[in-house]
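Enquirer: Quick one, target37.cif (mmCIF, N, CA and C atoms):
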data_data
#
loop_
_atom_site.label_atom_id
_atom_site.label_comp_id
_atom_site.auth_asym_id
_atom_site.auth_seq_id
_atom_site.Cartn_x
_atom_site.Cartn_y
_atom_site.Cartn_z
N MET A 68 50.70 -49.09 -13.50
CA MET A 68 50.96 -47.88 -14.24
C MET A 68 49.63 -47.17 -14.49
N ALA A 69 49.50 -45.97 -14.06
CA ALA A 69 48.26 -45.21 -14.23
C ALA A 69 48.19 -44.62 -15.62
N ASN A 70 47.01 -44.69 -16.21
CA ASN A 70 46.80 -44.05 -17.52
C ASN A 70 46.44 -42.59 -17.30
N LYS A 71 47.12 -41.74 -18.00
CA LYS A 71 46.78 -40.32 -17.94
C LYS A 71 45.79 -40.05 -19.05
N ALA A 72 44.69 -39.43 -18.70
CA ALA A 72 43.66 -39.13 -19.69
C ALA A 72 44.16 -38.06 -20.65
N LYS A 73 43.98 -38.31 -21.92
CA LYS A 73 44.33 -37.32 -22.93
C LYS A 73 43.13 -36.43 -23.17
N PRO A 74 43.37 -35.13 -23.45
CA PRO A 74 42.23 -34.27 -23.74
C PRO A 74 41.53 -34.77 -25.01
N SER A 75 40.21 -34.73 -24.97
CA SER A 75 39.47 -35.14 -26.16
C SER A 75 39.59 -34.06 -27.22
N ALA A 76 39.19 -34.41 -28.44
CA ALA A 76 39.26 -33.46 -29.56
C ALA A 76 38.42 -32.23 -29.29
N ASN A 77 37.40 -32.36 -28.44
CA ASN A 77 36.51 -31.23 -28.14
C ASN A 77 37.05 -30.32 -27.05
N GLN A 78 38.04 -30.80 -26.30
CA GLN A 78 38.62 -30.00 -25.23
C GLN A 78 39.82 -29.23 -25.75
N ALA A 79 39.80 -27.94 -25.55
CA ALA A 79 40.92 -27.11 -25.98
C ALA A 79 42.00 -27.14 -24.91
N THR A 80 43.23 -27.34 -25.35
CA THR A 80 44.36 -27.26 -24.44
C THR A 80 44.76 -25.80 -24.35
N PRO A 81 44.85 -25.26 -23.13
CA PRO A 81 45.20 -23.83 -23.04
C PRO A 81 46.59 -23.57 -23.61
N LYS A 82 46.70 -22.50 -24.39
CA LYS A 82 47.98 -22.12 -24.98
C LYS A 82 48.71 -21.19 -24.03
N PRO A 83 50.04 -21.34 -23.96
CA PRO A 83 50.79 -20.40 -23.14
C PRO A 83 50.65 -18.98 -23.70
N ARG A 84 50.61 -18.02 -22.81
CA ARG A 84 50.49 -16.62 -23.22
C ARG A 84 51.72 -16.21 -24.01
N ARG A 85 51.52 -15.47 -25.07
CA ARG A 85 52.62 -14.97 -25.89
C ARG A 85 52.87 -13.51 -25.52
N GLN A 86 54.14 -13.17 -25.28
CA GLN A 86 54.52 -11.81 -24.90
C GLN A 86 55.51 -11.28 -25.93
N LEU A 87 55.24 -10.08 -26.43
CA LEU A 87 56.16 -9.43 -27.36
C LEU A 87 56.94 -8.36 -26.60
N ILE A 88 58.24 -8.31 -26.83
CA ILE A 88 59.12 -7.35 -26.15
C ILE A 88 59.78 -6.48 -27.20
N SER A 89 59.78 -5.17 -26.95
CA SER A 89 60.41 -4.21 -27.86
C SER A 89 61.53 -3.48 -27.13
N SER A 90 62.57 -3.13 -27.89
CA SER A 90 63.66 -2.34 -27.31
C SER A 90 63.47 -0.86 -27.62
N GLY A 91 62.53 -0.56 -28.52
CA GLY A 91 62.35 0.82 -28.97
C GLY A 91 63.19 1.15 -30.19
N SER A 92 63.94 0.17 -30.69
CA SER A 92 64.76 0.39 -31.88
C SER A 92 63.87 0.72 -33.07
N PRO A 93 64.26 1.72 -33.88
CA PRO A 93 63.46 2.03 -35.06
C PRO A 93 63.42 0.87 -36.06
N PHE A 94 64.43 -0.02 -36.02
CA PHE A 94 64.43 -1.17 -36.92
C PHE A 94 63.19 -2.04 -36.68
N GLU A 95 62.82 -2.23 -35.42
CA GLU A 95 61.65 -3.07 -35.09
C GLU A 95 60.39 -2.48 -35.72
N ARG A 96 60.22 -1.21 -35.58
CA ARG A 96 59.04 -0.52 -36.14
C ARG A 96 59.08 -0.55 -37.67
N ASP A 97 60.23 -0.21 -38.25
CA ASP A 97 60.33 -0.08 -39.70
C ASP A 97 60.22 -1.43 -40.42
N ILE A 98 60.75 -2.48 -39.82
CA ILE A 98 60.76 -3.79 -40.47
C ILE A 98 59.55 -4.63 -40.04
N GLY A 99 59.10 -4.44 -38.80
CA GLY A 99 57.94 -5.18 -38.30
C GLY A 99 58.31 -6.46 -37.58
N TYR A 100 59.05 -6.35 -36.51
CA TYR A 100 59.40 -7.53 -35.70
C TYR A 100 59.55 -7.10 -34.25
N SER A 101 59.68 -8.06 -33.36
CA SER A 101 59.87 -7.81 -31.94
C SER A 101 61.32 -8.11 -31.56
N ARG A 102 61.83 -7.40 -30.59
CA ARG A 102 63.17 -7.70 -30.07
C ARG A 102 63.19 -9.12 -29.52
N ALA A 103 62.10 -9.48 -28.85
CA ALA A 103 62.00 -10.83 -28.30
C ALA A 103 60.54 -11.26 -28.26
N VAL A 104 60.36 -12.57 -28.32
CA VAL A 104 59.03 -13.17 -28.19
C VAL A 104 59.14 -14.23 -27.11
N VAL A 105 58.24 -14.15 -26.14
CA VAL A 105 58.18 -15.14 -25.06
C VAL A 105 57.00 -16.05 -25.33
N GLN A 106 57.26 -17.34 -25.36
CA GLN A 106 56.21 -18.33 -25.54
C GLN A 106 56.47 -19.44 -24.53
N GLY A 107 55.63 -19.49 -23.51
CA GLY A 107 55.86 -20.46 -22.44
C GLY A 107 57.19 -20.16 -21.76
N PRO A 108 58.02 -21.18 -21.51
CA PRO A 108 59.30 -20.94 -20.85
C PRO A 108 60.40 -20.45 -21.81
N LEU A 109 60.10 -20.44 -23.11
CA LEU A 109 61.12 -20.07 -24.10
C LEU A 109 61.07 -18.59 -24.44
N ILE A 110 62.25 -18.01 -24.63
CA ILE A 110 62.39 -16.61 -25.05
C ILE A 110 63.27 -16.61 -26.29
N PHE A 111 62.72 -16.10 -27.39
CA PHE A 111 63.43 -16.02 -28.66
C PHE A 111 63.82 -14.56 -28.86
N VAL A 112 65.11 -14.27 -28.81
CA VAL A 112 65.59 -12.90 -28.98
C VAL A 112 66.09 -12.75 -30.41
N SER A 113 65.54 -11.77 -31.11
CA SER A 113 65.92 -11.51 -32.50
C SER A 113 67.40 -11.16 -32.61
N GLY A 114 67.91 -11.25 -33.83
CA GLY A 114 69.26 -10.79 -34.09
C GLY A 114 69.39 -9.36 -33.58
N THR A 115 70.39 -9.13 -32.74
CA THR A 115 70.54 -7.87 -32.03
C THR A 115 71.89 -7.27 -32.36
N SER A 116 71.88 -6.01 -32.78
CA SER A 116 73.11 -5.33 -33.17
C SER A 116 73.76 -4.65 -31.97
N GLY A 117 74.90 -4.05 -32.24
CA GLY A 117 75.66 -3.34 -31.20
C GLY A 117 75.28 -1.89 -31.04
N PHE A 118 74.14 -1.47 -31.62
CA PHE A 118 73.68 -0.10 -31.40
C PHE A 118 73.24 0.07 -29.95
N ASN A 119 73.55 1.20 -29.38
CA ASN A 119 72.96 1.59 -28.11
C ASN A 119 71.60 2.17 -28.50
N TYR A 120 70.52 1.49 -28.16
CA TYR A 120 69.20 1.89 -28.64
C TYR A 120 68.68 3.18 -28.01
N GLU A 121 69.29 3.61 -26.92
CA GLU A 121 68.90 4.90 -26.32
C GLU A 121 69.48 6.06 -27.11
N THR A 122 70.70 5.90 -27.61
CA THR A 122 71.37 6.99 -28.33
C THR A 122 71.43 6.75 -29.84
N MET A 123 71.17 5.52 -30.26
CA MET A 123 71.29 5.07 -31.65
C MET A 123 72.71 5.29 -32.19
N LYS A 124 73.69 5.17 -31.28
CA LYS A 124 75.10 5.23 -31.67
C LYS A 124 75.68 3.82 -31.59
N ILE A 125 76.74 3.62 -32.38
CA ILE A 125 77.39 2.31 -32.41
C ILE A 125 78.90 2.50 -32.37
N GLU A 126 79.57 1.68 -31.57
CA GLU A 126 81.04 1.72 -31.49
C GLU A 126 81.62 1.15 -32.78
N LYS A 127 82.89 1.49 -33.06
CA LYS A 127 83.53 1.01 -34.29
C LYS A 127 84.07 -0.41 -34.14
N GLY A 128 84.58 -0.76 -32.97
CA GLY A 128 85.23 -2.06 -32.78
C GLY A 128 84.24 -3.20 -32.62
N VAL A 129 84.59 -4.37 -33.18
CA VAL A 129 83.70 -5.52 -33.13
C VAL A 129 83.51 -6.03 -31.69
N ALA A 130 84.55 -6.01 -30.86
CA ALA A 130 84.41 -6.48 -29.48
C ALA A 130 83.48 -5.55 -28.69
N ALA A 131 83.61 -4.25 -28.88
CA ALA A 131 82.72 -3.30 -28.20
C ALA A 131 81.28 -3.49 -28.67
N GLN A 132 81.10 -3.77 -29.96
CA GLN A 132 79.76 -4.03 -30.47
C GLN A 132 79.19 -5.32 -29.89
N ALA A 133 80.02 -6.36 -29.76
CA ALA A 133 79.56 -7.62 -29.16
C ALA A 133 79.09 -7.38 -27.73
N GLU A 134 79.85 -6.58 -27.00
CA GLU A 134 79.47 -6.25 -25.61
C GLU A 134 78.11 -5.55 -25.58
N GLN A 135 77.91 -4.58 -26.48
CA GLN A 135 76.63 -3.86 -26.50
C GLN A 135 75.49 -4.77 -26.95
N CYS A 136 75.77 -5.66 -27.91
CA CYS A 136 74.75 -6.65 -28.32
C CYS A 136 74.25 -7.42 -27.10
N LEU A 137 75.19 -7.90 -26.29
CA LEU A 137 74.82 -8.72 -25.14
C LEU A 137 74.11 -7.90 -24.07
N LYS A 138 74.47 -6.64 -23.92
CA LYS A 138 73.74 -5.77 -22.99
C LYS A 138 72.30 -5.58 -23.48
N ASN A 139 72.14 -5.38 -24.79
CA ASN A 139 70.80 -5.22 -25.36
C ASN A 139 69.98 -6.50 -25.18
N ILE A 140 70.61 -7.64 -25.41
CA ILE A 140 69.92 -8.92 -25.26
C ILE A 140 69.55 -9.15 -23.80
N ASP A 141 70.47 -8.87 -22.89
CA ASP A 141 70.19 -9.04 -21.47
C ASP A 141 69.01 -8.16 -21.05
N HIS A 142 68.95 -6.95 -21.57
CA HIS A 142 67.83 -6.05 -21.26
C HIS A 142 66.51 -6.67 -21.70
N ALA A 143 66.47 -7.24 -22.90
CA ALA A 143 65.25 -7.89 -23.40
C ALA A 143 64.90 -9.11 -22.54
N LEU A 144 65.90 -9.92 -22.20
CA LEU A 144 65.65 -11.10 -21.38
C LEU A 144 65.12 -10.73 -20.01
N ARG A 145 65.62 -9.66 -19.43
CA ARG A 145 65.15 -9.24 -18.10
C ARG A 145 63.69 -8.80 -18.15
N GLN A 146 63.26 -8.25 -19.28
CA GLN A 146 61.84 -7.90 -19.43
C GLN A 146 60.97 -9.16 -19.47
N ALA A 147 61.58 -10.29 -19.76
CA ALA A 147 60.88 -11.57 -19.79
C ALA A 147 61.14 -12.38 -18.52
N ASN A 148 61.63 -11.72 -17.48
CA ASN A 148 61.97 -12.38 -16.21
C ASN A 148 62.99 -13.49 -16.42
N SER A 149 64.00 -13.19 -17.21
CA SER A 149 65.07 -14.14 -17.51
C SER A 149 66.39 -13.38 -17.51
N CYS A 150 67.44 -14.04 -17.94
CA CYS A 150 68.75 -13.38 -18.04
C CYS A 150 69.64 -14.20 -18.98
N LEU A 151 70.81 -13.69 -19.26
CA LEU A 151 71.73 -14.37 -20.17
C LEU A 151 72.12 -15.77 -19.69
N LYS A 152 72.08 -16.01 -18.40
CA LYS A 152 72.43 -17.34 -17.87
C LYS A 152 71.43 -18.40 -18.29
N ASP A 153 70.25 -17.98 -18.76
CA ASP A 153 69.23 -18.91 -19.24
C ASP A 153 69.39 -19.25 -20.73
N THR A 154 70.42 -18.70 -21.38
CA THR A 154 70.62 -18.91 -22.81
C THR A 154 70.95 -20.38 -23.09
N VAL A 155 70.21 -20.95 -24.06
CA VAL A 155 70.47 -22.34 -24.45
C VAL A 155 71.04 -22.42 -25.87
N ARG A 156 70.85 -21.37 -26.66
CA ARG A 156 71.36 -21.35 -28.05
C ARG A 156 71.73 -19.92 -28.41
N VAL A 157 72.85 -19.77 -29.11
CA VAL A 157 73.28 -18.45 -29.56
C VAL A 157 73.81 -18.56 -30.99
N THR A 158 73.47 -17.56 -31.80
CA THR A 158 73.97 -17.48 -33.18
C THR A 158 74.65 -16.13 -33.35
N TYR A 159 75.86 -16.16 -33.86
CA TYR A 159 76.64 -14.96 -34.13
C TYR A 159 76.68 -14.76 -35.64
N VAL A 160 76.44 -13.54 -36.10
CA VAL A 160 76.53 -13.22 -37.52
C VAL A 160 77.51 -12.06 -37.66
N LEU A 161 78.56 -12.28 -38.45
CA LEU A 161 79.57 -11.25 -38.69
C LEU A 161 79.82 -11.13 -40.18
N PRO A 162 79.89 -9.91 -40.70
CA PRO A 162 80.23 -9.74 -42.11
C PRO A 162 81.62 -10.27 -42.43
N ASN A 163 82.54 -10.12 -41.49
CA ASN A 163 83.91 -10.60 -41.67
C ASN A 163 84.18 -11.67 -40.62
N GLY A 164 84.13 -12.93 -41.04
CA GLY A 164 84.34 -14.04 -40.11
C GLY A 164 85.66 -13.98 -39.37
N LYS A 165 86.66 -13.32 -39.97
CA LYS A 165 87.97 -13.21 -39.32
C LYS A 165 87.92 -12.35 -38.06
N ASP A 166 86.87 -11.53 -37.91
CA ASP A 166 86.72 -10.69 -36.72
C ASP A 166 86.23 -11.46 -35.50
N PHE A 167 85.73 -12.67 -35.71
CA PHE A 167 85.08 -13.39 -34.61
C PHE A 167 86.01 -13.60 -33.42
N LYS A 168 87.25 -13.94 -33.68
CA LYS A 168 88.18 -14.21 -32.58
C LYS A 168 88.36 -13.00 -31.66
N LYS A 169 88.22 -11.79 -32.21
CA LYS A 169 88.33 -10.57 -31.39
C LYS A 169 87.21 -10.49 -30.35
N CYS A 170 86.11 -11.18 -30.59
CA CYS A 170 84.96 -11.17 -29.69
C CYS A 170 85.06 -12.21 -28.58
N TRP A 171 85.92 -13.19 -28.74
CA TRP A 171 85.97 -14.30 -27.81
C TRP A 171 86.11 -13.89 -26.35
N PRO A 172 86.96 -12.93 -25.98
CA PRO A 172 87.04 -12.56 -24.56
C PRO A 172 85.69 -12.05 -24.01
N VAL A 173 84.97 -11.29 -24.81
CA VAL A 173 83.66 -10.78 -24.38
C VAL A 173 82.69 -11.96 -24.24
N LEU A 174 82.66 -12.83 -25.22
CA LEU A 174 81.74 -13.97 -25.20
C LEU A 174 82.06 -14.90 -24.04
N GLN A 175 83.33 -15.10 -23.77
CA GLN A 175 83.75 -15.93 -22.64
C GLN A 175 83.24 -15.36 -21.32
N ARG A 176 83.32 -14.03 -21.17
CA ARG A 176 82.84 -13.38 -19.95
C ARG A 176 81.35 -13.63 -19.74
N TYR A 177 80.57 -13.55 -20.79
CA TYR A 177 79.12 -13.70 -20.66
C TYR A 177 78.66 -15.16 -20.69
N PHE A 178 79.31 -16.01 -21.48
CA PHE A 178 78.81 -17.36 -21.70
C PHE A 178 79.77 -18.47 -21.26
N GLY A 179 80.90 -18.12 -20.66
CA GLY A 179 81.89 -19.12 -20.27
C GLY A 179 81.35 -20.20 -19.36
N GLU A 180 80.48 -19.82 -18.43
CA GLU A 180 79.88 -20.79 -17.51
C GLU A 180 78.61 -21.40 -18.09
N VAL A 181 77.92 -20.65 -18.92
CA VAL A 181 76.62 -21.06 -19.47
C VAL A 181 76.80 -22.10 -20.57
N ARG A 182 77.74 -21.84 -21.45
CA ARG A 182 78.10 -22.73 -22.55
C ARG A 182 76.91 -23.18 -23.40
N PRO A 183 76.18 -22.22 -24.00
CA PRO A 183 75.04 -22.60 -24.84
C PRO A 183 75.52 -23.22 -26.15
N ALA A 184 74.60 -23.91 -26.83
CA ALA A 184 74.89 -24.37 -28.19
C ALA A 184 75.11 -23.11 -29.02
N ALA A 185 76.04 -23.15 -29.97
CA ALA A 185 76.40 -21.92 -30.69
C ALA A 185 76.74 -22.19 -32.14
N MET A 186 76.60 -21.11 -32.92
CA MET A 186 76.97 -21.15 -34.33
C MET A 186 77.39 -19.76 -34.75
N MET A 187 78.40 -19.68 -35.62
CA MET A 187 78.83 -18.40 -36.18
C MET A 187 78.63 -18.46 -37.69
N ILE A 188 77.99 -17.42 -38.22
CA ILE A 188 77.74 -17.30 -39.65
C ILE A 188 78.40 -16.02 -40.14
N SER A 189 79.00 -16.07 -41.30
CA SER A 189 79.53 -14.86 -41.92
C SER A 189 78.56 -14.44 -43.02
N ALA A 190 77.96 -13.25 -42.84
CA ALA A 190 76.98 -12.73 -43.81
C ALA A 190 76.91 -11.22 -43.68
N LYS A 191 76.52 -10.58 -44.74
CA LYS A 191 76.36 -9.13 -44.75
C LYS A 191 75.23 -8.74 -43.80
N LEU A 192 75.40 -7.62 -43.09
CA LEU A 192 74.38 -7.12 -42.19
C LEU A 192 73.71 -5.87 -42.78
N LEU A 193 72.60 -5.46 -42.18
CA LEU A 193 71.76 -4.39 -42.69
C LEU A 193 72.49 -3.06 -42.86
N ASP A 194 73.31 -2.71 -41.91
CA ASP A 194 74.00 -1.42 -41.89
C ASP A 194 75.50 -1.70 -41.95
N PRO A 195 76.24 -1.04 -42.82
CA PRO A 195 77.68 -1.34 -42.94
C PRO A 195 78.48 -1.04 -41.66
N ARG A 196 77.94 -0.26 -40.74
CA ARG A 196 78.63 0.00 -39.47
C ARG A 196 78.56 -1.20 -38.53
N MET A 197 77.60 -2.09 -38.76
CA MET A 197 77.43 -3.27 -37.90
C MET A 197 78.50 -4.30 -38.21
N LYS A 198 79.21 -4.73 -37.16
CA LYS A 198 80.26 -5.73 -37.33
C LYS A 198 79.87 -7.07 -36.74
N ILE A 199 78.77 -7.09 -35.98
CA ILE A 199 78.28 -8.34 -35.39
C ILE A 199 76.81 -8.17 -35.05
N GLU A 200 76.10 -9.28 -35.14
CA GLU A 200 74.71 -9.35 -34.68
C GLU A 200 74.60 -10.67 -33.93
N ILE A 201 73.88 -10.66 -32.83
CA ILE A 201 73.77 -11.86 -31.99
C ILE A 201 72.29 -12.17 -31.75
N GLU A 202 71.95 -13.44 -31.89
CA GLU A 202 70.59 -13.91 -31.65
C GLU A 202 70.66 -15.01 -30.59
N VAL A 203 69.74 -15.01 -29.63
CA VAL A 203 69.74 -16.08 -28.64
C VAL A 203 68.34 -16.65 -28.43
N THR A 204 68.34 -17.88 -27.95
CA THR A 204 67.14 -18.51 -27.43
C THR A 204 67.46 -18.84 -25.98
N ALA A 205 66.54 -18.49 -25.11
CA ALA A 205 66.73 -18.77 -23.68
C ALA A 205 65.53 -19.55 -23.18
N MET A 206 65.73 -20.27 -22.09
CA MET A 206 64.64 -21.00 -21.45
C MET A 206 64.67 -20.66 -19.97
N ARG A 207 63.57 -20.06 -19.51
CA ARG A 207 63.50 -19.70 -18.10
C ARG A 207 63.62 -20.93 -17.23
N GLN A 208 64.43 -20.84 -16.19
CA GLN A 208 64.64 -21.94 -15.27
C GLN A 208 63.67 -21.87 -14.11
#
Taking this structure as input, can you express it in the form of structure tokens?
Expert:
Amino acid sequence: MANKAKPSANQATPKPRRQLISSGSPFERDIGYSRAVVQGPLIFVSGTSGFNYETMKIEKGVAAQAEQCLKNIDHALRQANSCLKDTVRVTYVLPNGKDFKKCWPVLQRYFGEVRPAAMMISAKLLDPRMKIEIEVTAMRQ
């Protein structure tokens, strides 16, 4: 069995480059966060609403908002040379937990084959028009 030399305390281990990704949403600027942060092979995508960030409009229905959330997330992941298929963890936040089932067909379309670890939380969101927010962690393959 070969011994692998460990770096000495005087040798710095190179850190993976950190990349910040923005969607252009005014929330990112006003609050002070990134849409996504890439650190090594991992991509951490912030809680993402169903706003269309180009028009700053939002649909009324929770399923339509879930669809837009995932489009927004996919856009961020593609900027990190990744995609939704690389998702390993997803968190759903809905003000009304009873609305979650309405999103299932959309979520099945995007994650049915991927099957990431998941959690749904019911909590108030920043804007009363928001019916869902989705956060993901992805790992580039």
Enquirer: Taking the point (75.1, -9.8, -30.3) as given in the file, collect each protein or nucleic acid residue that comes within 6.5 Å of it, counting all atoms listed in the file, and present the set as number ranges by chain.
Expert: A: 115-117, 132-133, 135-137, 199-202
Enquirer: Counting all atoms listed in the file, which residue out of A:Ser149, A:Phe111, A:Tyr120, A:Ala185 sits closest to Pro93 of chain A?
Expert: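 Closest to Pro93 of chain A, using all atoms listed in the file: A:Tyr120.
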Enquirer: Work out how far apart atom N of Gln146 of chain A and atom CA of Phe167 of chain A are and give it in Å to one decimal.
Expert: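 Atom-to-atom, atom N of Gln146 of chain A and atom CA of Phe167 of chain A are spaced 27.2 Å apart.
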Enquirer: List the residues selected by the PyMOL selection byres (((chain A and resi 151 and name CA) around 9) and name CA) in the file shown, writing them as number ranges by chain.
Expert: A: 137, 140-141, 144-145, 149-150, 152-154, 177-178, 181, 203, 205
Enquirer: My list of candidates is A:Gln106, A:Gln175, A:Ser189, A:Ser92. Which is closest to Asn119 of chain A when distances are computed with all atoms listed in the file?
Expert: A:Ser92
Enquirer: Can you tell me how far atom CA of Pro83 of chain A sits from atom CA of Ser113 of chain A, in Å to one decimal?
Expert: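 Interatomic distance, atom CA of Pro83 of chain A to atom CA of Ser113 of chain A: 19.9 Å.
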Enquirer: I'd like to know which of A:Ile88, A:Ala103, A:Ala130, A:Val155 is closest to Met206 of chain A, using only C-alpha atoms.
Expert: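 Using only C-alpha atoms, Met206 of chain A sits closest to A:Val155.
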Enquirer: Calculated over all atoms listed in the file, which of the candidates A:Val157, A:Val104, A:Val173, A:Ala131 has the smallest distance to Met187 of chain A?
Expert: A:Val157
Enquirer: Record the distance separating atom C of Asn163 of chain A and atom CA of His142 of chain A, expressed in Å with one decimal.
Expert: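 Going from atom C of Asn163 of chain A over to atom CA of His142 of chain A, I get 26.0 Å.
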Enquirer: Could you write out as JSON, numbers by chain the residues that the PyMOL selection byres ((chain A and resi 161) around 5) matches in the shown file?
Expert: {"A": [159, 160, 162, 163, 164, 188, 189, 190, 198, 199]}
Enquirer: Hey, what does DSSP flag as strand (DSSP E) within chain A? Can you give it to me as a PyMOL selection string?
Expert: chain A and resi 85-88+103-106+109-116+118-119+124-125+154-161+184-189+200-206
Enquirer: Could you pull out all residues of segment 81-186 of chain A with a DSSP call of helix (DSSP H, G or I) and give them as a ChimeraX atom specification?
Expert: /A:93-99,129-146,151-153,164-178
Enquirer: Could you take the residues named above and write them with N, CA and C atoms, as a tab-separated table (two decimals), in the frame of the given file?
Expert:
chain	number	residue	atom	x	y	z
A	93	PRO	N	64.26	1.72	-33.88
A	93	PRO	CA	63.46	2.03	-35.06
A	93	PRO	C	63.42	0.87	-36.06
A	94	PHE	N	64.43	-0.02	-36.02
A	94	PHE	CA	64.43	-1.17	-36.92
A	94	PHE	C	63.19	-2.04	-36.68
A	95	GLU	N	62.82	-2.23	-35.42
A	95	GLU	CA	61.65	-3.07	-35.09
A	95	GLU	C	60.39	-2.48	-35.72
A	96	ARG	N	60.22	-1.21	-35.58
A	96	ARG	CA	59.04	-0.52	-36.14
A	96	ARG	C	59.08	-0.55	-37.67
A	97	ASP	N	60.23	-0.21	-38.25
A	97	ASP	CA	60.33	-0.08	-39.70
A	97	ASP	C	60.22	-1.43	-40.42
A	98	ILE	N	60.75	-2.48	-39.82
A	98	ILE	CA	60.76	-3.79	-40.47
A	98	ILE	C	59.55	-4.63	-40.04
A	99	GLY	N	59.10	-4.44	-38.80
A	99	GLY	CA	57.94	-5.18	-38.30
A	99	GLY	C	58.31	-6.46	-37.58
A	129	VAL	N	84.59	-4.37	-33.18
A	129	VAL	CA	83.70	-5.52	-33.13
A	129	VAL	C	83.51	-6.03	-31.69
A	130	ALA	N	84.55	-6.01	-30.86
A	130	ALA	CA	84.41	-6.48	-29.48
A	130	ALA	C	83.48	-5.55	-28.69
A	131	ALA	N	83.61	-4.25	-28.88
A	131	ALA	CA	82.72	-3.30	-28.20
A	131	ALA	C	81.28	-3.49	-28.67
A	132	GLN	N	81.10	-3.77	-29.96
A	132	GLN	CA	79.76	-4.03	-30.47
A	132	GLN	C	79.19	-5.32	-29.89
A	133	ALA	N	80.02	-6.36	-29.76
A	133	ALA	CA	79.56	-7.62	-29.16
A	133	ALA	C	79.09	-7.38	-27.73
A	134	GLU	N	79.85	-6.58	-27.00
A	134	GLU	CA	79.47	-6.25	-25.61
A	134	GLU	C	78.11	-5.55	-25.58
A	135	GLN	N	77.91	-4.58	-26.48
A	135	GLN	CA	76.63	-3.86	-26.50
A	135	GLN	C	75.49	-4.77	-26.95
A	136	CYS	N	75.77	-5.66	-27.91
A	136	CYS	CA	74.75	-6.65	-28.32
A	136	CYS	C	74.25	-7.42	-27.10
A	137	LEU	N	75.19	-7.90	-26.29
A	137	LEU	CA	74.82	-8.72	-25.14
A	137	LEU	C	74.11	-7.90	-24.07
A	138	LYS	N	74.47	-6.64	-23.92
A	138	LYS	CA	73.74	-5.77	-22.99
A	138	LYS	C	72.30	-5.58	-23.48
A	139	ASN	N	72.14	-5.38	-24.79
A	139	ASN	CA	70.80	-5.22	-25.36
A	139	ASN	C	69.98	-6.50	-25.18
A	140	ILE	N	70.61	-7.64	-25.41
A	140	ILE	CA	69.92	-8.92	-25.26
A	140	ILE	C	69.55	-9.15	-23.80
A	141	ASP	N	70.47	-8.87	-22.89
A	141	ASP	CA	70.19	-9.04	-21.47
A	141	ASP	C	69.01	-8.16	-21.05
A	142	HIS	N	68.95	-6.95	-21.57
A	142	HIS	CA	67.83	-6.05	-21.26
A	142	HIS	C	66.51	-6.67	-21.70
A	143	ALA	N	66.47	-7.24	-22.90
A	143	ALA	CA	65.25	-7.89	-23.40
A	143	ALA	C	64.90	-9.11	-22.54
A	144	LEU	N	65.90	-9.92	-22.20
A	144	LEU	CA	65.65	-11.10	-21.38
A	144	LEU	C	65.12	-10.73	-20.01
A	145	ARG	N	65.62	-9.66	-19.43
A	145	ARG	CA	65.15	-9.24	-18.10
A	145	ARG	C	63.69	-8.80	-18.15
A	146	GLN	N	63.26	-8.25	-19.28
A	146	GLN	CA	61.84	-7.90	-19.43
A	146	GLN	C	60.97	-9.16	-19.47
A	151	LEU	N	70.81	-13.69	-19.26
A	151	LEU	CA	71.73	-14.37	-20.17
A	151	LEU	C	72.12	-15.77	-19.69
A	152	LYS	N	72.08	-16.01	-18.40
A	152	LYS	CA	72.43	-17.34	-17.87
A	152	LYS	C	71.43	-18.40	-18.29
A	153	ASP	N	70.25	-17.98	-18.76
A	153	ASP	CA	69.23	-18.91	-19.24
A	153	ASP	C	69.39	-19.25	-20.73
A	164	GLY	N	84.13	-12.93	-41.04
A	164	GLY	CA	84.34	-14.04	-40.11
A	164	GLY	C	85.66	-13.98	-39.37
A	165	LYS	N	86.66	-13.32	-39.97
A	165	LYS	CA	87.97	-13.21	-39.32
A	165	LYS	C	87.92	-12.35	-38.06
A	166	ASP	N	86.87	-11.53	-37.91
A	166	ASP	CA	86.72	-10.69	-36.72
A	166	ASP	C	86.23	-11.46	-35.50
A	167	PHE	N	85.73	-12.67	-35.71
A	167	PHE	CA	85.08	-13.39	-34.61
A	167	PHE	C	86.01	-13.60	-33.42
A	168	LYS	N	87.25	-13.94	-33.68
A	168	LYS	CA	88.18	-14.21	-32.58
A	168	LYS	C	88.36	-13.00	-31.66
A	169	LYS	N	88.22	-11.79	-32.21
A	169	LYS	CA	88.33	-10.57	-31.39
A	169	LYS	C	87.21	-10.49	-30.35
A	170	CYS	N	86.11	-11.18	-30.59
A	170	CYS	CA	84.96	-11.17	-29.69
A	170	CYS	C	85.06	-12.21	-28.58
A	171	TRP	N	85.92	-13.19	-28.74
A	171	TRP	CA	85.97	-14.30	-27.81
A	171	TRP	C	86.11	-13.89	-26.35
A	172	PRO	N	86.96	-12.93	-25.98
A	172	PRO	CA	87.04	-12.56	-24.56
A	172	PRO	C	85.69	-12.05	-24.01
A	173	VAL	N	84.97	-11.29	-24.81
A	173	VAL	CA	83.66	-10.78	-24.38
A	173	VAL	C	82.69	-11.96	-24.24
A	174	LEU	N	82.66	-12.83	-25.22
A	174	LEU	CA	81.74	-13.97	-25.20
A	174	LEU	C	82.06	-14.90	-24.04
A	175	GLN	N	83.33	-15.10	-23.77
A	175	GLN	CA	83.75	-15.93	-22.64
A	175	GLN	C	83.24	-15.36	-21.32
A	176	ARG	N	83.32	-14.03	-21.17
A	176	ARG	CA	82.84	-13.38	-19.95
A	176	ARG	C	81.35	-13.63	-19.74
A	177	TYR	N	80.57	-13.55	-20.79
A	177	TYR	CA	79.12	-13.70	-20.66
A	177	TYR	C	78.66	-15.16	-20.69
A	178	PHE	N	79.31	-16.01	-21.48
A	178	PHE	CA	78.81	-17.36	-21.70
A	178	PHE	C	79.77	-18.47	-21.26
Enquirer: Give me the residues within 12 Å of Phe94 of chain A as number ranges by chain, counting only C-alpha atoms and dropping any in the same chain fewer than 4 places off.
Expert: A: 89-90, 98-102, 113-116, 118, 120, 123, 193-194
Enquirer: Using only C-alpha atoms, pick whichever of A:Pro172, A:Gly179, A:Gly91, A:Pro108 has the shortest atom-to-atom distance to Val129 of chain A.
Expert: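 Of the candidates, the smallest distance to Val129 of chain A is held by A:Pro172.
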